[in-house]
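Heads up: the structure comes next, in structure tokens.
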Amino acid sequence: MATVAEASGNGGGRTGSGPENEYSRVSVVASALHGTTVPGYVGQLGTDTTADQNYIGQRADVTSTAALANTDWAKTD
């Protein structure tokens, strides 16, 4: 059996490599998600409890700075 090193930068259990991002379940819940909460990473799932809507974190403007903003949420169905 081969051993494959974790190289994605998402953690993977290696000490000092940061948290492992979760892409399969909602990881943030807020009463007004879009416009108030900044996604932690592209692909983060969130739920807006006021609008009863799910969102995914994605970059709205690819020419902007590297940091995500509170408007970088897109509705999911």
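Just so we're on the same page: first chain in the structure tokens is A, next is B, and so on; residues restart at 1 for each chain, and ligands are numbered from 1 in the order they show up.
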Q.
Residues within 7 Å of Gln58 (chain A), please, as a VMD selection string. Count only C-alpha atoms; anything in the same chain fewer than 2 positions from it doesn't count.
A. chain A and resid 42 to 43 56 60 72 to 74
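Ranking A:Thr49, A:Thr36, A:Asn54, A:Gln44 by their shortest atom-to-atom distance to Ala69 (chain A), with only C-alpha atoms included, puts A:Thr36 first.
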Q.
I'd like to know which of A:Ala66, A:Thr71, A:Gly40, A:Leu45 is closest to Ser27 (chain A), using only C-alpha atoms.
A.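 Smallest separation from Ser27 (chain A) among the options: A:Leu45.
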Q | From A:Ala2, A:Ala30, A:Asp48, A:Gly35, residue lying nearest Asn70 (chain A) [only C-alpha atoms] | A |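 Distance minimum relative to Asn70 (chain A) lands on A:Gly35.
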